[in-house]
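To be precise, the following lines are input-v7.tsv, and they hold TSV, C-alpha atoms and all ligand atoms.
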chain	number	residue	atom	x	y	z
A	13	MET	CA	-214.90	82.63	-37.93
A	14	ALA	CA	-212.42	83.31	-35.10
A	15	VAL	CA	-210.26	80.31	-34.18
A	16	ASP	CA	-210.25	79.36	-30.50
A	17	LYS	CA	-206.57	78.76	-29.80
A	18	SER	CA	-207.35	76.15	-27.14
A	19	ASP	CA	-208.95	74.02	-29.89
A	20	LEU	CA	-205.59	73.98	-31.67
A	21	ILE	CA	-203.78	72.38	-28.74
A	22	MET	CA	-206.20	69.62	-27.77
A	23	LYS	CA	-203.28	67.16	-27.88
A	24	GLY	CA	-200.91	69.52	-26.01
A	25	TYR	CA	-199.38	70.85	-29.22
A	26	VAL	CA	-200.55	72.45	-32.46
A	27	ASP	CA	-201.45	69.46	-34.59
A	28	ILE	CA	-201.57	71.10	-38.00
A	29	ALA	CA	-199.80	69.64	-41.03
A	30	VAL	CA	-196.98	71.67	-42.54
A	31	GLU	CA	-196.81	71.71	-46.35
A	32	ASP	CA	-193.69	70.10	-47.84
A	33	SER	CA	-193.00	73.35	-49.70
A	34	VAL	CA	-192.45	75.22	-46.42
A	35	ASN	CA	-188.78	75.69	-45.56
A	36	MET	CA	-189.16	75.38	-41.80
A	37	VAL	CA	-185.65	76.58	-40.94
A	38	GLU	CA	-186.16	79.77	-42.95
A	39	GLU	CA	-189.71	80.33	-41.69
A	40	ILE	CA	-188.71	79.79	-38.06
A	41	GLY	CA	-185.89	82.32	-38.60
A	42	ARG	CA	-188.24	84.85	-40.17
A	43	MET	CA	-190.96	84.55	-37.48
A	44	ARG	CA	-188.34	84.70	-34.75
A	45	ARG	CA	-187.03	88.03	-36.10
A	46	GLU	CA	-190.48	89.50	-36.74
A	47	LYS	CA	-191.83	88.52	-33.32
A	48	ASN	CA	-188.67	89.32	-31.36
A	49	ALA	CA	-188.53	85.73	-30.14
A	50	ILE	CA	-185.60	83.69	-28.86
A	51	ILE	CA	-185.26	79.89	-29.05
A	52	LEU	CA	-183.55	78.29	-26.06
A	53	ALA	CA	-182.66	74.60	-26.50
A	54	HIS	CA	-181.38	72.02	-24.05
A	55	PHE	CA	-178.47	69.74	-24.99
A	56	TYR	CA	-180.88	66.78	-25.07
A	57	GLN	CA	-182.78	68.12	-28.08
A	58	ILE	CA	-182.19	66.57	-31.52
A	59	GLY	CA	-179.23	68.04	-33.43
A	60	GLU	CA	-181.42	69.86	-35.97
A	61	ILE	CA	-183.14	71.81	-33.18
A	62	GLN	CA	-179.87	72.55	-31.38
A	63	ASP	CA	-178.56	73.97	-34.67
A	64	ILE	CA	-181.41	76.48	-35.15
A	65	ALA	CA	-181.51	77.61	-31.50
A	66	ASP	CA	-180.30	81.06	-30.40
A	67	PHE	CA	-178.75	79.42	-27.38
A	68	VAL	CA	-178.04	75.75	-26.50
A	69	GLY	CA	-177.07	74.83	-22.96
A	70	ASP	CA	-177.61	72.93	-19.75
A	71	SER	CA	-180.31	73.74	-17.20
A	72	LEU	CA	-178.27	76.40	-15.41
A	73	GLN	CA	-177.18	78.18	-18.59
A	74	LEU	CA	-180.74	78.14	-19.94
A	75	SER	CA	-182.18	79.67	-16.78
A	76	GLN	CA	-179.43	82.33	-16.85
A	77	GLN	CA	-180.37	83.14	-20.46
A	78	ALA	CA	-184.09	83.21	-19.62
A	79	ALA	CA	-183.41	85.68	-16.80
A	80	LYS	CA	-181.48	88.12	-18.97
A	81	THR	CA	-182.98	87.97	-22.46
A	82	LYS	CA	-184.50	91.11	-23.97
A	83	ALA	CA	-186.70	89.09	-26.35
A	84	GLU	CA	-190.48	89.37	-25.96
A	85	ILE	CA	-191.11	85.68	-26.58
A	86	ILE	CA	-189.08	82.74	-25.26
A	87	LEU	CA	-189.66	79.50	-27.14
A	88	PHE	CA	-188.31	76.71	-24.96
A	89	ALA	CA	-187.09	73.61	-26.78
A	90	GLY	CA	-186.80	71.45	-23.70
A	91	VAL	CA	-189.08	70.01	-21.05
A	92	TYR	CA	-191.86	71.69	-19.07
A	93	PHE	CA	-190.00	72.43	-15.83
A	94	MET	CA	-187.36	74.34	-17.85
A	95	ALA	CA	-189.96	76.48	-19.64
A	96	GLU	CA	-191.76	76.99	-16.33
A	97	THR	CA	-188.51	78.19	-14.72
A	98	ALA	CA	-188.10	80.66	-17.61
A	99	LYS	CA	-191.65	81.95	-17.03
A	100	ILE	CA	-191.02	82.31	-13.29
A	101	LEU	CA	-187.88	84.34	-14.01
A	102	SER	CA	-189.45	86.42	-16.80
A	103	PRO	CA	-193.18	86.66	-16.00
A	104	GLU	CA	-193.69	89.62	-18.35
A	105	LYS	CA	-192.57	87.57	-21.34
A	106	LYS	CA	-194.57	85.08	-23.34
A	107	VAL	CA	-193.00	81.66	-22.77
A	108	LEU	CA	-193.92	78.97	-25.28
A	109	ILE	CA	-193.27	75.23	-25.21
A	110	PRO	CA	-193.92	73.28	-28.41
A	111	ASP	CA	-195.52	70.34	-26.57
A	112	LEU	CA	-197.18	70.50	-23.15
A	113	ASN	CA	-196.66	66.73	-22.76
A	114	ALA	CA	-192.88	67.23	-22.51
A	115	GLY	CA	-192.68	66.40	-18.81
A	116	CYS	CA	-189.91	64.83	-16.75
A	117	SER	CA	-190.02	61.56	-14.79
A	118	LEU	CA	-187.72	63.03	-12.13
A	119	SER	CA	-189.95	66.06	-11.60
A	120	GLU	CA	-192.98	63.72	-11.48
A	121	SER	CA	-191.30	61.65	-8.76
A	122	CYS	CA	-191.82	64.51	-6.28
A	123	ASP	CA	-195.46	65.20	-5.48
A	124	PRO	CA	-196.00	68.60	-3.77
A	125	GLU	CA	-198.38	67.27	-1.08
A	126	GLU	CA	-196.02	64.40	-0.18
A	127	PHE	CA	-193.08	66.78	-0.23
A	128	ARG	CA	-194.86	69.20	2.11
A	129	LYS	CA	-195.32	66.29	4.54
A	130	PHE	CA	-191.65	65.30	4.17
A	131	ILE	CA	-190.59	68.86	5.06
A	132	GLY	CA	-192.98	68.77	8.03
A	133	LEU	CA	-191.36	65.55	9.25
A	134	ASN	CA	-187.91	67.18	9.06
A	135	PRO	CA	-188.36	70.59	10.69
A	136	GLY	CA	-185.54	73.14	10.78
A	137	HIS	CA	-183.92	71.93	7.54
A	138	ILE	CA	-182.83	74.13	4.61
A	139	VAL	CA	-184.67	72.79	1.57
A	140	VAL	CA	-182.49	72.48	-1.54
A	141	SER	CA	-184.31	71.29	-4.66
A	142	TYR	CA	-182.99	70.36	-8.04
A	143	VAL	CA	-184.28	72.50	-10.91
A	144	ASN	CA	-185.98	69.34	-12.30
A	145	THR	CA	-189.09	70.02	-10.19
A	146	SER	CA	-192.48	71.67	-10.57
A	147	ALA	CA	-193.11	75.32	-9.63
A	148	GLU	CA	-194.97	74.05	-6.51
A	149	ILE	CA	-191.86	72.22	-5.28
A	150	LYS	CA	-189.71	75.27	-6.02
A	151	ALA	CA	-192.17	77.37	-4.00
A	152	LEU	CA	-191.61	74.99	-1.04
A	153	SER	CA	-187.81	75.23	-1.37
A	154	ASP	CA	-185.20	77.64	0.00
A	155	ILE	CA	-182.63	77.25	-2.80
A	156	ILE	CA	-182.70	75.60	-6.21
A	157	CYS	CA	-179.67	73.94	-7.76
A	158	THR	CA	-178.78	72.30	-11.05
A	159	SER	CA	-176.31	69.52	-11.69
A	160	SER	CA	-173.62	72.10	-12.55
A	161	ASN	CA	-173.82	74.05	-9.29
A	162	ALA	CA	-175.22	71.55	-6.75
A	163	VAL	CA	-171.89	71.05	-4.95
A	164	GLN	CA	-171.28	74.81	-4.64
A	165	ILE	CA	-174.88	75.46	-3.51
A	166	ILE	CA	-174.57	72.84	-0.74
A	167	ASN	CA	-171.15	74.22	0.25
A	168	SER	CA	-172.66	77.73	0.50
A	169	ILE	CA	-174.94	76.57	3.33
A	170	PRO	CA	-173.39	77.04	6.80
A	171	GLU	CA	-172.10	73.77	8.37
A	172	LYS	CA	-174.52	73.98	11.28
A	173	GLU	CA	-177.61	73.92	9.04
A	174	LYS	CA	-179.45	70.67	8.35
A	175	ILE	CA	-180.34	70.03	4.71
A	176	ILE	CA	-183.16	68.36	2.77
A	177	PHE	CA	-182.22	67.54	-0.82
A	178	ALA	CA	-184.85	66.71	-3.45
A	179	PRO	CA	-185.82	65.01	-5.63
A	180	ASP	CA	-182.93	63.05	-7.21
A	181	LYS	CA	-181.48	60.38	-4.92
A	182	ASN	CA	-178.51	59.69	-7.22
A	183	LEU	CA	-177.46	63.33	-7.49
A	184	GLY	CA	-178.14	63.74	-3.75
A	185	ASN	CA	-175.92	60.79	-2.80
A	186	TYR	CA	-173.21	61.97	-5.16
A	187	ILE	CA	-173.18	65.48	-3.64
A	188	LYS	CA	-173.23	63.99	-0.16
A	189	SER	CA	-170.11	61.97	-1.02
A	190	ILE	CA	-168.31	65.07	-2.35
A	191	THR	CA	-169.29	67.59	0.31
A	192	GLY	CA	-169.45	65.21	3.27
A	193	ARG	CA	-172.70	66.93	4.33
A	194	GLU	CA	-175.46	65.00	6.04
A	195	MET	CA	-178.67	65.38	4.02
A	196	ARG	CA	-182.20	64.00	4.11
A	197	ILE	CA	-182.63	62.90	0.49
A	198	TRP	CA	-185.94	62.48	-1.34
A	199	GLN	CA	-185.95	59.13	-3.20
A	200	GLY	CA	-186.73	60.28	-6.74
A	201	ALA	CA	-184.91	59.41	-9.97
A	202	CYS	CA	-184.80	59.98	-13.72
A	203	HIS	CA	-185.89	56.98	-15.80
A	204	VAL	CA	-183.27	57.70	-18.50
A	205	HIS	CA	-180.27	57.82	-16.18
A	206	GLU	CA	-181.44	54.82	-14.13
A	207	GLU	CA	-181.64	52.72	-17.27
A	208	PHE	CA	-177.92	52.55	-18.07
A	209	SER	CA	-176.42	49.09	-17.64
A	210	LEU	CA	-173.11	48.84	-15.78
A	211	GLU	CA	-172.50	45.40	-17.26
A	212	LYS	CA	-172.91	46.64	-20.82
A	213	ILE	CA	-170.83	49.77	-20.19
A	214	LEU	CA	-168.02	47.54	-18.89
A	215	GLU	CA	-168.36	45.23	-21.91
A	216	ILE	CA	-167.81	48.25	-24.19
A	217	LYS	CA	-164.96	49.45	-21.99
A	218	ASN	CA	-163.27	46.02	-22.25
A	219	LYS	CA	-163.36	46.27	-26.03
A	220	ASN	CA	-162.24	49.94	-25.92
A	221	MET	CA	-159.71	50.13	-23.13
A	222	ASP	CA	-158.59	53.53	-24.45
A	223	ALA	CA	-162.08	55.02	-23.90
A	224	LYS	CA	-162.93	57.12	-20.85
A	225	ILE	CA	-166.32	56.76	-19.17
A	226	ILE	CA	-168.04	60.10	-18.56
A	227	ALA	CA	-171.33	60.26	-16.66
A	228	HIS	CA	-174.08	62.62	-15.50
A	229	PRO	CA	-174.58	62.59	-11.69
A	230	GLU	CA	-178.18	61.44	-12.16
A	231	CYS	CA	-176.75	57.97	-12.99
A	232	GLU	CA	-176.79	55.27	-10.29
A	233	GLN	CA	-173.80	54.94	-7.97
A	234	PRO	CA	-172.20	51.80	-9.58
A	235	ILE	CA	-171.91	53.75	-12.85
A	236	LEU	CA	-170.54	56.85	-11.12
A	237	LEU	CA	-167.96	54.65	-9.39
A	238	VAL	CA	-166.47	53.49	-12.70
A	239	ALA	CA	-166.68	56.94	-14.35
A	240	ASP	CA	-163.47	58.81	-15.15
A	241	TYR	CA	-165.37	62.10	-15.02
A	242	ILE	CA	-168.78	63.11	-13.60
A	243	GLY	CA	-170.57	66.35	-14.44
A	244	SER	CA	-173.59	68.21	-15.78
A	245	THR	CA	-174.15	68.10	-19.52
A	246	ASN	CA	-172.17	71.31	-20.00
A	247	ALA	CA	-169.37	70.09	-17.71
A	248	LEU	CA	-169.14	66.84	-19.70
A	249	LEU	CA	-168.98	68.81	-22.94
A	250	LYS	CA	-166.23	71.07	-21.59
A	251	TYR	CA	-164.32	68.06	-20.33
A	252	THR	CA	-164.29	66.43	-23.78
A	253	LYS	CA	-162.81	69.69	-25.14
A	254	SER	CA	-160.05	70.10	-22.58
A	255	ASP	CA	-159.16	66.44	-22.08
A	256	GLU	CA	-156.58	64.82	-24.36
A	257	ASN	CA	-158.32	61.46	-24.71
A	258	LYS	CA	-159.80	60.53	-28.10
A	259	LYS	CA	-162.63	58.17	-27.11
A	260	TYR	CA	-165.48	58.44	-24.58
A	261	ILE	CA	-168.36	56.26	-23.40
A	262	VAL	CA	-171.09	58.80	-22.65
A	263	ALA	CA	-173.52	57.93	-19.81
A	264	THR	CA	-176.19	60.57	-20.23
A	265	GLU	CA	-178.94	61.35	-22.70
A	266	SER	CA	-177.66	60.91	-26.25
A	267	GLY	CA	-178.52	64.47	-27.45
A	268	ILE	CA	-175.35	65.90	-25.91
A	269	ILE	CA	-173.24	63.84	-28.33
A	270	HIS	CA	-174.29	66.22	-31.12
A	271	GLN	CA	-172.37	69.08	-29.44
A	272	MET	CA	-169.49	66.81	-28.43
A	273	LYS	CA	-168.99	65.78	-32.06
A	274	LYS	CA	-169.29	69.37	-33.25
A	275	VAL	CA	-166.54	70.65	-30.99
A	276	ASN	CA	-164.38	67.52	-31.24
A	277	PRO	CA	-164.81	66.20	-34.81
A	278	GLU	CA	-161.69	64.04	-34.46
A	279	LYS	CA	-162.92	62.21	-31.33
A	280	LEU	CA	-165.18	59.17	-30.96
A	281	PHE	CA	-168.24	59.17	-28.67
A	282	ILE	CA	-170.01	55.92	-27.78
A	283	PRO	CA	-173.47	56.26	-26.18
A	284	ALA	CA	-173.67	54.18	-22.98
A	285	PRO	CA	-176.19	51.39	-23.60
A	286	PRO	CA	-179.36	50.94	-21.56
A	287	GLU	CA	-180.30	47.65	-19.81
A	288	ASN	CA	-182.91	46.87	-22.43
A	289	ALA	CA	-181.08	46.75	-25.75
A	290	THR	CA	-184.31	46.98	-27.76
A	291	CYS	CA	-185.35	50.39	-26.44
A	292	ALA	CA	-183.90	53.80	-27.19
A	293	CYS	CA	-183.86	54.46	-23.43
A	294	ASN	CA	-180.81	56.70	-23.55
A	295	ASP	CA	-183.08	59.12	-25.40
A	296	CYS	CA	-185.36	61.09	-23.10
A	297	ASN	CA	-188.81	60.46	-24.60
A	298	PHE	CA	-190.03	63.77	-23.11
A	299	MET	CA	-187.20	65.82	-24.65
A	300	LYS	CA	-187.73	64.09	-27.97
A	301	LEU	CA	-191.41	65.15	-28.11
A	302	ILE	CA	-190.15	68.50	-29.37
A	303	THR	CA	-189.87	68.53	-33.16
A	304	MET	CA	-189.11	71.11	-35.84
A	305	LYS	CA	-192.74	70.98	-36.99
A	306	LYS	CA	-194.01	71.70	-33.47
A	307	ILE	CA	-191.54	74.58	-33.10
A	308	TYR	CA	-192.72	76.01	-36.40
A	309	ASN	CA	-196.42	75.78	-35.44
A	310	THR	CA	-195.76	77.10	-31.94
A	311	LEU	CA	-194.04	80.21	-33.28
A	312	ARG	CA	-196.78	80.65	-35.85
A	313	PHE	CA	-199.75	80.49	-33.46
A	314	GLU	CA	-197.89	81.46	-30.25
A	315	ILE	CA	-199.27	78.49	-28.33
A	316	PRO	CA	-198.98	76.47	-26.09
A	317	GLU	CA	-198.07	79.14	-23.59
A	318	VAL	CA	-196.66	78.40	-20.12
A	319	ILE	CA	-198.64	80.02	-17.31
A	320	VAL	CA	-197.60	80.02	-13.65
A	321	GLU	CA	-200.02	81.06	-10.91
A	322	LYS	CA	-198.89	84.36	-9.33
A	323	GLU	CA	-198.80	83.17	-5.71
A	324	ILE	CA	-196.66	80.12	-6.59
A	325	ARG	CA	-194.46	82.20	-8.86
A	326	ASN	CA	-193.77	84.77	-6.15
A	327	LYS	CA	-192.54	82.04	-3.80
A	328	ALA	CA	-190.69	79.98	-6.42
A	329	VAL	CA	-188.80	82.95	-7.85
A	330	LYS	CA	-187.01	83.53	-4.53
A	331	SER	CA	-185.43	80.07	-4.45
A	332	ILE	CA	-184.40	80.28	-8.13
A	333	ARG	CA	-182.95	83.80	-7.73
A	334	ARG	CA	-180.96	82.62	-4.73
A	335	MET	CA	-179.37	79.96	-6.94
A	336	LEU	CA	-178.60	82.49	-9.69
A	337	GLU	CA	-177.05	84.91	-7.20
A	338	ILE	CA	-174.77	82.24	-5.72
A	339	SER	CA	-173.83	81.05	-9.22
A	340	ASP	CA	-173.07	84.64	-10.35
A	341	ARG	CA	-170.97	85.27	-7.25
A	342	LEU	CA	-168.96	82.10	-7.92
A	343	GLY	CA	-168.65	82.81	-11.65
A	344	LEU	CA	-170.58	79.66	-12.63
A	401	LIG	P1	-178.33	69.44	-16.87
A	401	LIG	O1	-178.33	70.16	-15.56
A	401	LIG	O2	-177.02	68.81	-17.15
A	401	LIG	O3	-178.85	70.29	-17.95
A	401	LIG	O4	-179.33	68.20	-16.71
A	401	LIG	C1	-180.69	68.34	-16.95
A	401	LIG	C2	-181.39	67.06	-17.03
A	401	LIG	O5	-182.55	67.00	-17.26
A	401	LIG	C3	-180.62	65.87	-16.79
A	401	LIG	O6	-181.39	64.78	-17.02
A	402	LIG	FE1	-186.19	64.56	-16.82
A	402	LIG	FE2	-184.55	62.52	-17.10
A	402	LIG	FE3	-185.61	63.64	-19.26
A	402	LIG	FE4	-183.73	64.95	-17.81
A	402	LIG	S1	-183.46	63.06	-18.99
A	402	LIG	S2	-185.63	65.77	-18.60
A	402	LIG	S3	-184.25	64.25	-15.74
A	402	LIG	S4	-186.74	62.55	-17.65

Could the structure of this file be written out as structure tokens, please?
Amino acid sequence: MAVDKSDLIMKGYVDIAVEDSVNMVEEIGRMRREKNAIILAHFYQIGEIQDIADFVGDSLQLSQQAAKTKAEIILFAGVYFMAETAKILSPEKKVLIPDLNAGCSLSESCDPEEFRKFIGLNPGHIVVSYVNTSAEIKALSDIICTSSNAVQIINSIPEKEKIIFAPDKNLGNYIKSITGREMRIWQGACHVHEEFSLEKILEIKNKNMDAKIIAHPECEQPILLVADYIGSTNALLKYTKSDENKKYIVATESGIIHQMKKVNPEKLFIPAPPENATCACNDCNFMKLITMKKIYNTLRFEIPEVIVEKEIRNKAVKSIRRMLEISDRLGL
């Protein structure tokens, strides 16, 4: 009897047990070669997944890889908007995500209908949206940015133009403070980066006066004000390589620490604590829905697949390509 693939992903992922005897790392490697597939992983994935990926990076690097890969299948170990961006850039490829429930609270904080109204209330503005948005929001935008190129994207817009920035209010306010540009900012946020406690970070700092605080710009302003360095995940990683300090308090999702330790085995990295000490809130629960077992089953059955409606894709691709062109031109 033929298996209906949609029955296999009733929960948003292939929920089939994997025998203990299966060596998942080897099998994933074999299927990847046989199917001409590439695994792209974000820095917020667990270390084991980062280690088997063909490429690990931040949002900008991953979209650059998705745009240029020659593979026939892209398996995205990250959240939905990232896989969707890959599909928009490479519509002829099969893009797989191991769990369709891997969303993003920041992306969710910007509803397309509300955003359309917001644009209508601010006519004549250039619309810059963060990559952490749905395809519908990208289709309503003029340029996309990520945390590693947001400042340069805003600076590329002529001074006389008025700007809407969405959806992250913390990143928006940070860029506004750097560029001095007036912007209408959508009031969205990421639940992981809003959860860090300034008080607890300062407590750790007081006990480790030799530690530097490094933070992602999605953190709230009081945390950014005490940070020694602010940057995207890749910028933070690069900073820990080039900087001479030996100890860092890291205010972003804890997955990045895996790479930081790999490239700086002699240095100490302390995850910034969240407000609620009993939760693992500095782990993104959406990112952590991706597991080795789900990757294995996804490669095996080639589901769940990411599909983007053609009309939305045709609009969204323009704003993403504009970002990639500016980034290429600036060597980012
Ligand atoms: P990066 O642009 O640093 O990859 O950030 C993505 C993200 O989801 C941050 O929460
Ligand atoms: Fe979205 Fe925040 Fe998770 Fe990044 S860390 S994917 S912004 S919910």

Take the point (-177.7, 71.4, -30.2) in the file's coordinates, draw a sphere of radius 9 Å around it, and report as a compact mmCIF listing (two decimals) with C-alpha atoms, keeping the file's coordinate frame every protein, DNA or RNA residue with an atom inside or on it, counting all atoms listed in the file.
# COMPACT_ATOMS: atom_id res chain seq x y z
CA ALA A 53 -182.66 74.60 -26.50
CA HIS A 54 -181.38 72.02 -24.05
CA PHE A 55 -178.47 69.74 -24.99
CA TYR A 56 -180.88 66.78 -25.07
CA GLN A 57 -182.78 68.12 -28.08
CA ILE A 58 -182.19 66.57 -31.52
CA GLY A 59 -179.23 68.04 -33.43
CA GLU A 60 -181.42 69.86 -35.97
CA ILE A 61 -183.14 71.81 -33.18
CA GLN A 62 -179.87 72.55 -31.38
CA ASP A 63 -178.56 73.97 -34.67
CA ILE A 64 -181.41 76.48 -35.15
CA ALA A 65 -181.51 77.61 -31.50
CA PHE A 67 -178.75 79.42 -27.38
CA VAL A 68 -178.04 75.75 -26.50
CA GLY A 69 -177.07 74.83 -22.96
CA GLY A 267 -178.52 64.47 -27.45
CA ILE A 268 -175.35 65.90 -25.91
CA ILE A 269 -173.24 63.84 -28.33
CA HIS A 270 -174.29 66.22 -31.12
CA GLN A 271 -172.37 69.08 -29.44

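A straight line drawn from atom CA of A:Asp123 to atom CA of A:Ala147 is 11.2 Å long.
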
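Proximity of A:Asp180, A:Glu207, A:Glu265, A:Glu148 to ligand LIG 401 (chain A), computed with only C-alpha atoms and all ligand atoms, is greatest for A:Glu265.
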
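Minimum atom-to-atom distances from A:Val329, A:Met195, A:Leu342, A:Ile40 to A:Ser75 were compared using only C-alpha atoms, and the lowest value belongs to A:Val329.
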
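Closest to A:Asn294 among A:Lys212, A:Lys330, A:Lys253, A:His205 is A:His205, based on all atoms listed in the file.
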
TODO: Identify which of the residues A:Asp340, A:Glu278, A:Glu38, A:Glu206 lies closest to ligand LIG 402 (chain A), counting only C-alpha atoms and all ligand atoms when measuring atom-to-atom distances.
DONE: A:Glu206

Hey, could you make a per-residue contact list for chain A against ligand LIG 401 (chain A) with 10 Å as the cut-off, showing the nearest pair of atoms and its distance in Å to one decimal, counting all atoms listed in the file, sorted by chain and number, as JSON lines?
{"residue": "A:His54", "atom": "CA", "partner": "A:LIG401", "partner_atom": "O3", "distance": 6.8}
{"residue": "A:Phe55", "atom": "CA", "partner": "A:LIG401", "partner_atom": "O3", "distance": 7.1}
{"residue": "A:Tyr56", "atom": "CA", "partner": "A:LIG401", "partner_atom": "O5", "distance": 8.0}
{"residue": "A:Gly69", "atom": "CA", "partner": "A:LIG401", "partner_atom": "O3", "distance": 7.0}
{"residue": "A:Asp70", "atom": "CA", "partner": "A:LIG401", "partner_atom": "O3", "distance": 3.4}
{"residue": "A:Ser71", "atom": "CA", "partner": "A:LIG401", "partner_atom": "O3", "distance": 3.8}
{"residue": "A:Leu72", "atom": "CA", "partner": "A:LIG401", "partner_atom": "O1", "distance": 6.2}
{"residue": "A:Gln73", "atom": "CA", "partner": "A:LIG401", "partner_atom": "O3", "distance": 8.1}
{"residue": "A:Leu74", "atom": "CA", "partner": "A:LIG401", "partner_atom": "O3", "distance": 8.3}
{"residue": "A:Gly90", "atom": "CA", "partner": "A:LIG401", "partner_atom": "O5", "distance": 8.9}
{"residue": "A:Val91", "atom": "CA", "partner": "A:LIG401", "partner_atom": "O5", "distance": 8.1}
{"residue": "A:Phe93", "atom": "CA", "partner": "A:LIG401", "partner_atom": "O5", "distance": 9.3}
{"residue": "A:Met94", "atom": "CA", "partner": "A:LIG401", "partner_atom": "O5", "distance": 8.8}
{"residue": "A:Cys116", "atom": "CA", "partner": "A:LIG401", "partner_atom": "O5", "distance": 7.7}
{"residue": "A:Ser117", "atom": "CA", "partner": "A:LIG401", "partner_atom": "O6", "distance": 9.5}
{"residue": "A:Leu118", "atom": "CA", "partner": "A:LIG401", "partner_atom": "O6", "distance": 8.2}
{"residue": "A:Ser119", "atom": "CA", "partner": "A:LIG401", "partner_atom": "O5", "distance": 9.4}
{"residue": "A:Tyr142", "atom": "CA", "partner": "A:LIG401", "partner_atom": "O1", "distance": 8.8}
{"residue": "A:Val143", "atom": "CA", "partner": "A:LIG401", "partner_atom": "O1", "distance": 7.9}
{"residue": "A:Asn144", "atom": "CA", "partner": "A:LIG401", "partner_atom": "O5", "distance": 6.5}
{"residue": "A:Cys157", "atom": "CA", "partner": "A:LIG401", "partner_atom": "O1", "distance": 8.8}
{"residue": "A:Thr158", "atom": "CA", "partner": "A:LIG401", "partner_atom": "O1", "distance": 5.0}
{"residue": "A:Ser159", "atom": "CA", "partner": "A:LIG401", "partner_atom": "O1", "distance": 4.4}
{"residue": "A:Ser160", "atom": "CA", "partner": "A:LIG401", "partner_atom": "O1", "distance": 5.9}
{"residue": "A:Asn161", "atom": "CA", "partner": "A:LIG401", "partner_atom": "O1", "distance": 8.6}
{"residue": "A:Ala162", "atom": "CA", "partner": "A:LIG401", "partner_atom": "O1", "distance": 9.4}
{"residue": "A:Ala201", "atom": "CA", "partner": "A:LIG401", "partner_atom": "O6", "distance": 9.5}
{"residue": "A:Cys202", "atom": "CA", "partner": "A:LIG401", "partner_atom": "O6", "distance": 6.7}
{"residue": "A:His203", "atom": "CA", "partner": "A:LIG401", "partner_atom": "O6", "distance": 9.1}
{"residue": "A:Val204", "atom": "CA", "partner": "A:LIG401", "partner_atom": "O6", "distance": 7.5}
{"residue": "A:His205", "atom": "CA", "partner": "A:LIG401", "partner_atom": "O6", "distance": 7.1}
{"residue": "A:His228", "atom": "CA", "partner": "A:LIG401", "partner_atom": "O2", "distance": 7.0}
{"residue": "A:Pro229", "atom": "CA", "partner": "A:LIG401", "partner_atom": "C3", "distance": 8.6}
{"residue": "A:Glu230", "atom": "CA", "partner": "A:LIG401", "partner_atom": "O6", "distance": 6.7}
{"residue": "A:Cys231", "atom": "CA", "partner": "A:LIG401", "partner_atom": "O6", "distance": 9.2}
{"residue": "A:Gly243", "atom": "CA", "partner": "A:LIG401", "partner_atom": "O2", "distance": 7.4}
{"residue": "A:Ser244", "atom": "CA", "partner": "A:LIG401", "partner_atom": "O2", "distance": 3.7}
{"residue": "A:Thr245", "atom": "CA", "partner": "A:LIG401", "partner_atom": "O2", "distance": 3.8}
{"residue": "A:Asn246", "atom": "CA", "partner": "A:LIG401", "partner_atom": "O2", "distance": 6.2}
{"residue": "A:Ala247", "atom": "CA", "partner": "A:LIG401", "partner_atom": "O2", "distance": 7.8}
{"residue": "A:Leu248", "atom": "CA", "partner": "A:LIG401", "partner_atom": "O2", "distance": 8.5}
{"residue": "A:Leu249", "atom": "CA", "partner": "A:LIG401", "partner_atom": "O2", "distance": 9.9}
{"residue": "A:Thr264", "atom": "CA", "partner": "A:LIG401", "partner_atom": "O6", "distance": 7.4}
{"residue": "A:Glu265", "atom": "CA", "partner": "A:LIG401", "partner_atom": "O6", "distance": 7.1}
{"residue": "A:Ile268", "atom": "CA", "partner": "A:LIG401", "partner_atom": "O2", "distance": 9.4}
{"residue": "A:Cys296", "atom": "CA", "partner": "A:LIG401", "partner_atom": "O6", "distance": 8.1}
{"residue": "A:Met299", "atom": "CA", "partner": "A:LIG401", "partner_atom": "O5", "distance": 8.8}
